[in-house]
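Undergrad: What follows is target-v1.txt, made up of compact mmCIF, C-alpha atoms:
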# COMPACT_ATOMS: atom_id res chain seq x y z
CA MET A 58 -60.05 -180.84 -41.49
CA SER A 59 -57.85 -180.41 -44.57
CA HIS A 60 -54.10 -180.09 -44.22
CA ILE A 61 -51.68 -178.12 -46.37
CA LEU A 62 -48.69 -180.18 -45.24
CA GLU A 63 -48.43 -183.77 -44.06
CA VAL A 64 -45.20 -185.32 -42.87
CA LYS A 65 -45.45 -189.09 -42.58
CA ASN A 66 -42.95 -191.25 -40.68
CA VAL A 67 -39.91 -189.22 -41.69
CA VAL A 68 -36.48 -190.48 -40.66
CA LYS A 69 -33.29 -188.50 -41.23
CA GLN A 70 -29.86 -189.68 -40.18
CA TYR A 71 -26.40 -188.13 -40.44
CA GLY A 72 -24.02 -191.03 -40.04
CA ASP A 73 -24.77 -192.61 -36.67
CA TYR A 74 -26.82 -189.62 -35.51
CA THR A 75 -30.61 -189.71 -35.92
CA ALA A 76 -31.93 -186.17 -36.45
CA LEU A 77 -35.57 -187.22 -37.02
CA ASN A 78 -36.97 -190.46 -35.68
CA ASN A 79 -40.17 -191.50 -37.47
CA VAL A 80 -41.71 -188.02 -37.22
CA SER A 81 -45.26 -187.38 -38.47
CA LEU A 82 -46.97 -183.97 -38.51
CA SER A 83 -50.15 -182.51 -39.99
CA VAL A 84 -50.37 -178.75 -40.59
CA PRO A 85 -53.97 -177.47 -40.99
CA LYS A 86 -54.69 -175.12 -43.88
CA GLY A 87 -54.95 -171.48 -42.91
CA SER A 88 -53.29 -171.96 -39.52
CA ILE A 89 -50.22 -170.56 -37.82
CA TYR A 90 -48.42 -173.70 -36.71
CA GLY A 91 -45.68 -173.45 -34.10
CA LEU A 92 -42.77 -175.83 -34.62
CA LEU A 93 -41.06 -175.91 -31.23
CA GLY A 94 -38.14 -177.67 -29.63
CA PRO A 95 -34.77 -177.12 -27.96
CA ASN A 96 -31.62 -176.57 -29.99
CA GLY A 97 -30.65 -179.79 -31.73
CA ALA A 98 -34.14 -181.27 -31.50
CA GLY A 99 -34.48 -181.83 -35.27
CA LYS A 100 -36.53 -178.79 -36.32
CA THR A 101 -34.00 -177.48 -38.84
CA SER A 102 -33.59 -180.93 -40.39
CA LEU A 103 -37.36 -181.12 -40.88
CA ILE A 104 -37.55 -177.62 -42.36
CA ARG A 105 -34.77 -178.46 -44.80
CA ILE A 106 -36.63 -181.59 -45.91
CA ILE A 107 -39.84 -179.60 -46.50
CA ASN A 108 -37.82 -177.12 -48.59
CA GLN A 109 -36.15 -180.02 -50.46
CA ILE A 110 -32.70 -178.82 -49.42
CA THR A 111 -32.13 -182.36 -48.14
CA MET A 112 -34.14 -185.57 -48.56
CA PRO A 113 -35.47 -187.94 -45.87
CA ASP A 114 -33.90 -191.37 -45.52
CA SER A 115 -37.42 -192.77 -45.27
CA GLY A 116 -40.96 -191.45 -44.98
CA GLU A 117 -42.94 -189.06 -47.16
CA VAL A 118 -43.99 -185.41 -47.28
CA PHE A 119 -47.18 -184.19 -48.97
CA LEU A 120 -48.01 -180.61 -49.92
CA ASP A 121 -51.69 -179.91 -50.45
CA GLY A 122 -52.39 -183.61 -51.04
CA GLU A 123 -49.54 -184.18 -53.52
CA LYS A 124 -46.29 -185.95 -52.77
CA LEU A 125 -43.60 -183.30 -52.51
CA GLN A 126 -41.97 -182.59 -55.89
CA PRO A 127 -39.35 -180.05 -57.10
CA HIS A 128 -42.00 -177.75 -58.64
CA HIS A 129 -43.66 -177.33 -55.23
CA ILE A 130 -40.84 -175.03 -54.16
CA GLN A 131 -42.71 -172.22 -55.96
CA HIS A 132 -45.55 -172.67 -53.45
CA ILE A 133 -43.29 -172.35 -50.39
CA GLY A 134 -41.70 -169.26 -48.88
CA TYR A 135 -38.82 -169.84 -46.46
CA LEU A 136 -37.27 -167.30 -44.11
CA PRO A 137 -34.24 -169.07 -42.58
CA GLU A 138 -32.81 -168.20 -39.18
CA GLU A 139 -29.44 -167.59 -40.82
CA ARG A 140 -30.35 -164.98 -43.41
CA GLY A 141 -28.89 -165.41 -46.89
CA LEU A 142 -28.80 -162.12 -48.80
CA TYR A 143 -25.86 -161.22 -51.04
CA LYS A 144 -24.21 -158.31 -49.26
CA SER A 145 -22.65 -156.64 -52.30
CA MET A 146 -25.81 -156.67 -54.46
CA LYS A 147 -28.25 -153.78 -54.56
CA VAL A 148 -31.54 -154.39 -52.76
CA GLY A 149 -33.82 -153.98 -55.79
CA GLU A 150 -31.59 -156.03 -58.10
CA GLN A 151 -31.36 -158.85 -55.57
CA CYS A 152 -35.08 -158.91 -54.83
CA LEU A 153 -35.92 -159.10 -58.55
CA TYR A 154 -33.44 -161.96 -59.00
CA LEU A 155 -34.79 -163.98 -56.07
CA ALA A 156 -38.41 -163.34 -57.10
CA GLN A 157 -37.75 -164.71 -60.57
CA LEU A 158 -36.20 -167.85 -59.03
CA LYS A 159 -39.61 -168.37 -57.41
CA GLY A 160 -41.35 -168.24 -60.80
CA LEU A 161 -42.44 -164.61 -61.06
CA SER A 162 -41.91 -162.69 -64.27
CA LYS A 163 -39.74 -159.59 -63.98
CA THR A 164 -42.82 -157.38 -64.50
CA GLU A 165 -44.87 -159.13 -61.83
CA ALA A 166 -41.90 -159.24 -59.46
CA LYS A 167 -41.37 -155.49 -59.77
CA LYS A 168 -45.08 -154.85 -59.19
CA GLN A 169 -45.06 -156.95 -56.01
CA LEU A 170 -41.84 -155.37 -54.79
CA ILE A 171 -43.17 -151.84 -55.25
CA HIS A 172 -46.24 -152.86 -53.21
CA TRP A 173 -44.15 -154.29 -50.35
CA PHE A 174 -41.54 -151.51 -50.37
CA GLU A 175 -44.33 -148.94 -50.08
CA ARG A 176 -46.02 -151.00 -47.36
CA PHE A 177 -42.81 -151.07 -45.30
CA GLY A 178 -41.79 -147.50 -46.16
CA ILE A 179 -38.50 -148.60 -47.71
CA GLU A 180 -38.83 -147.18 -51.23
CA GLY A 181 -35.49 -145.40 -50.86
CA TRP A 182 -33.60 -148.64 -50.37
CA TRP A 183 -33.85 -149.89 -53.99
CA ASP A 184 -30.31 -148.86 -54.95
CA LYS A 185 -28.67 -149.48 -51.57
CA LYS A 186 -26.38 -152.45 -51.11
CA ILE A 187 -27.30 -154.97 -48.41
CA GLN A 188 -24.02 -154.25 -46.62
CA GLU A 189 -25.16 -150.63 -46.18
CA LEU A 190 -28.23 -151.74 -44.20
CA SER A 191 -28.52 -152.46 -40.50
CA LYS A 192 -29.40 -156.01 -39.46
CA GLY A 193 -33.03 -155.04 -38.88
CA MET A 194 -33.27 -153.30 -42.26
CA ALA A 195 -31.84 -156.37 -44.00
CA GLN A 196 -34.37 -158.52 -42.14
CA LYS A 197 -37.19 -156.49 -43.68
CA VAL A 198 -35.79 -157.09 -47.15
CA GLN A 199 -35.50 -160.83 -46.46
CA PHE A 200 -39.11 -160.92 -45.23
CA VAL A 201 -40.31 -159.22 -48.43
CA VAL A 202 -38.37 -161.71 -50.57
CA THR A 203 -39.96 -164.58 -48.64
CA VAL A 204 -43.59 -163.52 -49.11
CA LEU A 205 -43.78 -161.61 -52.40
CA HIS A 206 -44.56 -164.64 -54.61
CA GLN A 207 -47.67 -165.27 -52.45
CA PRO A 208 -46.90 -168.91 -51.54
CA LYS A 209 -49.42 -171.34 -50.06
CA LEU A 210 -47.02 -172.24 -47.27
CA LEU A 211 -44.70 -169.89 -45.42
CA ILE A 212 -41.95 -171.13 -43.10
CA PHE A 213 -40.55 -168.52 -40.72
CA ASP A 214 -37.54 -169.57 -38.63
CA GLU A 215 -37.05 -167.03 -35.81
CA PRO A 216 -38.67 -164.23 -37.85
CA PHE A 217 -38.28 -161.60 -35.11
CA SER A 218 -34.53 -162.04 -34.72
CA GLY A 219 -32.76 -158.69 -35.13
CA PHE A 220 -35.91 -156.55 -34.87
CA ASP A 221 -36.53 -153.84 -32.29
CA PRO A 222 -39.98 -153.94 -30.58
CA VAL A 223 -41.57 -151.55 -33.10
CA ASN A 224 -40.51 -153.55 -36.15
CA ALA A 225 -41.20 -156.87 -34.41
CA ALA A 226 -44.79 -155.66 -33.92
CA LEU A 227 -44.92 -154.65 -37.61
CA ILE A 228 -43.81 -158.13 -38.73
CA LYS A 229 -46.26 -159.78 -36.32
CA ASP A 230 -49.11 -157.77 -37.86
CA GLU A 231 -47.96 -158.76 -41.35
CA ILE A 232 -47.90 -162.45 -40.37
CA LEU A 233 -51.48 -162.18 -39.10
CA GLU A 234 -52.50 -160.39 -42.30
CA LEU A 235 -50.92 -163.16 -44.42
CA LYS A 236 -52.94 -165.73 -42.47
CA LYS A 237 -56.09 -163.66 -42.95
CA ASN A 238 -55.45 -163.69 -46.71
CA GLY A 239 -55.25 -167.49 -46.79
CA ALA A 240 -51.60 -168.39 -46.22
CA THR A 241 -50.55 -171.21 -43.91
CA ILE A 242 -47.56 -170.42 -41.72
CA ILE A 243 -45.08 -172.70 -39.96
CA PHE A 244 -43.49 -170.65 -37.24
CA SER A 245 -40.30 -171.89 -35.57
CA THR A 246 -39.12 -169.90 -32.57
CA HIS A 247 -37.77 -170.00 -29.05
CA ARG A 248 -39.86 -166.95 -28.09
CA MET A 249 -42.78 -168.50 -26.28
CA GLU A 250 -44.59 -165.19 -25.93
CA SER A 251 -44.82 -165.10 -29.73
CA VAL A 252 -46.26 -168.63 -29.71
CA GLU A 253 -48.95 -167.47 -27.27
CA GLU A 254 -49.82 -164.48 -29.46
CA LEU A 255 -49.75 -166.10 -32.88
CA CYS A 256 -50.07 -169.88 -32.96
CA ASP A 257 -53.26 -171.88 -33.47
CA ASP A 258 -51.52 -175.28 -33.42
CA ILE A 259 -48.14 -176.45 -32.17
CA ALA A 260 -45.82 -179.43 -32.37
CA LEU A 261 -42.94 -180.03 -29.98
CA ILE A 262 -39.93 -182.02 -31.16
CA HIS A 263 -37.35 -183.19 -28.61
CA LYS A 264 -34.36 -185.46 -29.14
CA SER A 265 -35.50 -186.21 -32.72
CA ASN A 266 -38.99 -187.34 -31.66
CA LYS A 267 -42.36 -185.62 -31.78
CA MET A 268 -43.56 -185.21 -28.20
CA LEU A 269 -46.71 -183.12 -28.65
CA GLU A 270 -48.99 -181.96 -31.47
CA GLY A 271 -52.39 -180.33 -31.61
CA LYS A 272 -54.34 -177.15 -31.06
CA LEU A 273 -52.63 -174.96 -28.49
CA THR A 274 -55.86 -174.57 -26.52
CA ASP A 275 -56.38 -178.36 -26.37
CA ILE A 276 -52.78 -178.94 -25.23
CA LYS A 277 -53.20 -176.32 -22.51
CA ARG A 278 -56.27 -178.18 -21.26
CA GLN A 279 -54.21 -181.37 -21.03
CA PHE A 280 -51.65 -179.63 -18.82
CA LYS A 281 -54.12 -177.86 -16.53
CA THR A 282 -53.57 -178.45 -12.80
CA HIS A 283 -56.92 -177.00 -11.66
CA THR A 284 -55.05 -174.39 -9.66
CA PHE A 285 -56.36 -170.92 -8.91
CA GLU A 286 -54.56 -167.74 -7.97
CA VAL A 287 -56.46 -166.06 -5.18
CA GLY A 288 -56.23 -162.70 -3.47
CA ILE A 289 -58.31 -162.22 -0.34
CA ALA A 290 -58.47 -159.53 2.33
CA THR A 291 -59.32 -161.26 5.59
CA SER A 292 -59.06 -160.57 9.32
CA ASN A 293 -58.46 -164.25 10.12
CA THR A 294 -55.49 -165.34 8.03
CA GLU A 295 -54.44 -168.26 10.25
CA GLY A 296 -57.94 -169.71 10.49
CA LEU A 297 -58.51 -169.38 6.76
CA LEU A 298 -55.20 -171.08 5.93
CA ALA A 299 -55.95 -173.93 8.33
CA GLN A 300 -59.35 -174.62 6.75
CA LEU A 301 -58.00 -174.38 3.20
CA SER A 302 -55.20 -176.83 3.98
CA GLN A 303 -57.73 -179.34 5.32
CA ASN A 304 -60.05 -179.12 2.31
CA TYR A 305 -57.84 -178.56 -0.74
CA ASN A 306 -55.02 -180.52 -2.37
CA SER A 307 -52.41 -177.79 -2.16
CA VAL A 308 -52.26 -174.28 -0.71
CA GLN A 309 -49.12 -172.27 -1.49
CA PRO A 310 -48.10 -168.61 -1.50
CA ALA A 311 -48.74 -166.83 -4.81
CA PHE A 312 -46.65 -164.09 -6.40
CA PHE A 313 -48.84 -162.04 -8.72
CA LYS A 314 -48.76 -158.26 -8.98
CA SER A 315 -51.51 -156.35 -7.24
CA LEU A 316 -52.35 -152.84 -6.07
CA ASN A 317 -53.64 -154.28 -2.79
CA HIS A 318 -51.96 -155.89 0.22
CA GLU A 319 -54.17 -158.94 0.39
CA LEU A 320 -53.28 -162.52 1.21
CA LYS A 321 -52.08 -164.13 -2.04
CA LEU A 322 -52.44 -167.88 -2.54
CA GLU A 323 -52.28 -170.65 -5.11
CA ILE A 324 -54.96 -173.23 -4.37
CA GLU A 325 -55.24 -176.57 -6.17
CA LEU A 326 -58.77 -177.95 -6.24
CA GLY A 327 -59.53 -181.48 -5.16
CA ASN A 328 -63.03 -182.78 -5.74
CA GLN A 329 -64.46 -179.32 -5.19
CA SER A 330 -65.52 -176.99 -7.97
CA SER A 331 -64.22 -173.47 -8.51
CA ASN A 332 -67.64 -172.20 -7.42
CA ASP A 333 -67.24 -174.06 -4.11
CA LEU A 334 -63.88 -172.41 -3.56
CA LEU A 335 -65.13 -168.94 -4.44
CA GLN A 336 -68.14 -169.32 -2.16
CA PHE A 337 -65.90 -170.46 0.69
CA LEU A 338 -63.52 -167.53 0.21
CA THR A 339 -66.25 -164.90 0.05
CA SER A 340 -67.57 -166.16 3.38
CA HIS A 341 -64.17 -165.44 4.96
CA GLY A 342 -63.23 -162.09 3.47
CA ILE A 343 -63.21 -159.83 0.42
CA VAL A 344 -61.97 -161.61 -2.72
CA THR A 345 -59.86 -159.21 -4.81
CA HIS A 346 -58.36 -161.72 -7.27
CA PHE A 347 -59.61 -165.09 -8.51
CA VAL A 348 -58.00 -166.48 -11.68
CA GLU A 349 -57.42 -170.00 -12.92
CA LYS A 350 -53.76 -170.66 -13.71
CA ILE A 351 -53.67 -171.68 -17.37
CA PRO A 352 -50.30 -173.22 -18.30
CA THR A 353 -48.28 -171.09 -20.69
CA ALA A 354 -46.59 -172.43 -23.80
CA ASN A 355 -43.28 -171.84 -22.02
CA GLU A 356 -44.33 -173.94 -19.00
CA ILE A 357 -45.59 -176.75 -21.25
CA PHE A 358 -42.33 -176.65 -23.23
CA ILE A 359 -40.16 -176.88 -20.11
CA GLN A 360 -42.26 -179.56 -18.44
CA THR A 361 -42.34 -181.78 -21.54
CA VAL A 362 -38.62 -181.45 -22.23
CA ASN A 363 -37.65 -182.07 -18.59
CA GLU A 364 -39.82 -185.18 -18.33
CA LYS A 365 -38.22 -186.93 -21.32
As C-alpha cells, please, write out the structure in this file.
TA:
Amino acid sequence: MSHILEVKNVVKQYGDYTALNNVSLSVPKGSIYGLLGPNGAGKTSLIRIINQITMPDSGEVFLDGEKLQPHHIQHIGYLPEERGLYKSMKVGEQCLYLAQLKGLSKTEAKKQLIHWFERFGIEGWWDKKIQELSKGMAQKVQFVVTVLHQPKLLIFDEPFSGFDPVNAALIKDEILELKKNGATIIFSTHRMESVEELCDDIALIHKSNKMLEGKLTDIKRQFKTHTFEVGIATSNTEGLLAQLSQNYNSVQPAFFKSLNHELKLEIELGNQSSNDLLQFLTSHGIVTHFVEKIPTANEIFIQTVNEK
C-alpha cells in the first residue's frame, strides 16, 4: 500500500514538556484518516509540523515519498480549528489573495472560486466583509480557501465546528467527494460519530504517544468482546436466565430501543458460537432482536485513554 504521508520517529519538545514522543504514522493515499486524541495529546503539534509551521526536534516527515520541503506547502490544504480569516477584508479579495499564496495564478484562482461559490450558493458574498458574515458563513469561506488549489493532502481540524446540521451534512458530502476525486484527508475531531461515518483509518495519540493506528474496521475487531444484544419474548424468564447464566460468560440487562416489550439482554459468548446461542434462544421463545455489539470509535477512544 502506498502512503501519501509518513511521519517517522518525530519528537517535539517545548522546554521540559514533550508534545510528541517518537511518533510514527503512515497515511494511505486516497483515505480519510482520523487523527484522534484528548485535548493536549499532541495532535496540534503534529499538524503544525506537517504544515511546516514548526519543525520537529528529531525525526522526519515524508510527503508522497519525498522528505518534506518548503515547496510541498502548495500540495497541502489546512483548515485549522481556530479559523484565520481577515475580518475587515472582502470575501472575494481575501480568497484571491490566499489562493495566490498557494501558487495559483489570479486567473485560475478566480475560476476556481467562481466554481466553489456557485457550488455553495454564495455568489452574493464576493463583496461582503468577513465581519458581516455569521460564524457558519465564514466557515464556508474558509473551507473553500482550503480546498480550491486542489491539494494532494487536506488536513481538516474540527471541520464541522460552527455549522448547523444542514451545513454540516453539506461539508461532509464535500469531504467524501474530495476523497472520491483522489484527495487524501487527515481529519482531526472530537466528534466520534463523524469518525464512524467518514474515516477509513485512524490513529489515536494520548499523552504525546501513539496508542493505536490502523484501519478502523481492523481496530474494531481487536476490541470486540463477542457480546450480543438479544431481545426474546418468552413465558419462562427465570428458567431462561438460569440456563444462560450457567452456559455463558456474562448475562446482563440490555438497554436498546424496541417497539416490543421483550426480555432484553447482553450475552457474552464463551466457547459457544453465535449460531449456538441463537439456536438455544429460539428453542425458548420468539427472538425479536439479535445483534452483535460492535465497539464504537467512541468506546475504543475512552477505553484506550482510560487504560493508559
Undergrad: Could you list, as a VMD selection string, every residue within 9 Å of Met268 in chain A, counting all atoms listed in the file and ignoring same-chain residues fewer than 4 positions away?
TA: chain A and resid 260 to 263 361 to 362 365
Undergrad: Mind pulling up the distance from CA of Ile107 in chain A to CA of Ile259 in chain A?
TA: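 Computing the Euclidean distance for CA of Ile259 in chain A and CA of Ile107 in chain A yields 16.9 Å.
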Undergrad: Which value, in Å to one decimal, gives the distance between CA of Glu215 in chain A and CA of Val84 in chain A?
TA: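 So the answer is 18.4 Å.
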Undergrad: Could you list, as a compact mmCIF listing (two decimals) with C-alpha atoms, in the coordinates of the input, every residue within 7 Å of range 125-134 of chain A, counting only C-alpha atoms and ignoring same-chain residues fewer than 4 positions away?
TA:
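Saved as part_23.txt:
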# COMPACT_ATOMS: atom_id res chain seq x y z
CA ASN A 108 -37.82 -177.12 -48.59
CA VAL A 118 -43.99 -185.41 -47.28
CA PHE A 119 -47.18 -184.19 -48.97
CA LEU A 120 -48.01 -180.61 -49.92
CA LYS A 159 -39.61 -168.37 -57.41
CA GLY A 160 -41.35 -168.24 -60.80
CA THR A 203 -39.96 -164.58 -48.64
CA VAL A 204 -43.59 -163.52 -49.11
CA PRO A 208 -46.90 -168.91 -51.54
CA LYS A 209 -49.42 -171.34 -50.06
CA LEU A 210 -47.02 -172.24 -47.27
CA LEU A 211 -44.70 -169.89 -45.42
CA ILE A 212 -41.95 -171.13 -43.10
Undergrad: Tell me which residues come within 12 Å of (-34.4, -182.3, -33.2), as a PyMOL selection string, counting all atoms listed in the file in the file's coordinates.
TA: chain A and resi 68-70+74-80+92-104+260-268+362
Undergrad: Taking (-56.4, -158.8, 1.8) in the file's coordinates as the center, which residues reach within 10 Å of it, counting all atoms listed in the file, put as a list in words?
TA: Gly288, Ile289, Ala290, Thr291, Ser292, Thr294, Asn317, His318, Glu319, Leu320, Lys321, Gly342, Ile343, Val344, Thr345 and His346 of chain A
Undergrad: Filtering to C-alpha atoms, could you give me those residues as a tab-separated table (two decimals), in the coordinates of the input?
TA:
chain	number	residue	atom	x	y	z
A	288	GLY	CA	-56.23	-162.70	-3.47
A	289	ILE	CA	-58.31	-162.22	-0.34
A	290	ALA	CA	-58.47	-159.53	2.33
A	291	THR	CA	-59.32	-161.26	5.59
A	292	SER	CA	-59.06	-160.57	9.32
A	294	THR	CA	-55.49	-165.34	8.03
A	317	ASN	CA	-53.64	-154.28	-2.79
A	318	HIS	CA	-51.96	-155.89	0.22
A	319	GLU	CA	-54.17	-158.94	0.39
A	320	LEU	CA	-53.28	-162.52	1.21
A	321	LYS	CA	-52.08	-164.13	-2.04
A	342	GLY	CA	-63.23	-162.09	3.47
A	343	ILE	CA	-63.21	-159.83	0.42
A	344	VAL	CA	-61.97	-161.61	-2.72
A	345	THR	CA	-59.86	-159.21	-4.81
A	346	HIS	CA	-58.36	-161.72	-7.27
Undergrad: So how far away is CA of Lys229 in chain A from CA of Phe244 in chain A, in Å?
TA: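 Result for CA of Phe244 in chain A versus CA of Lys229 in chain A: 11.3 Å, one decimal.
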Undergrad: Check the smallest atom-to-atom distance from each of A:Leu334, A:Leu82, A:Gln199, A:Phe220 to Val67 in chain A using only C-alpha atoms, then report the winner.
TA: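 Result for the nearest residue to Val67 in chain A: A:Leu82.
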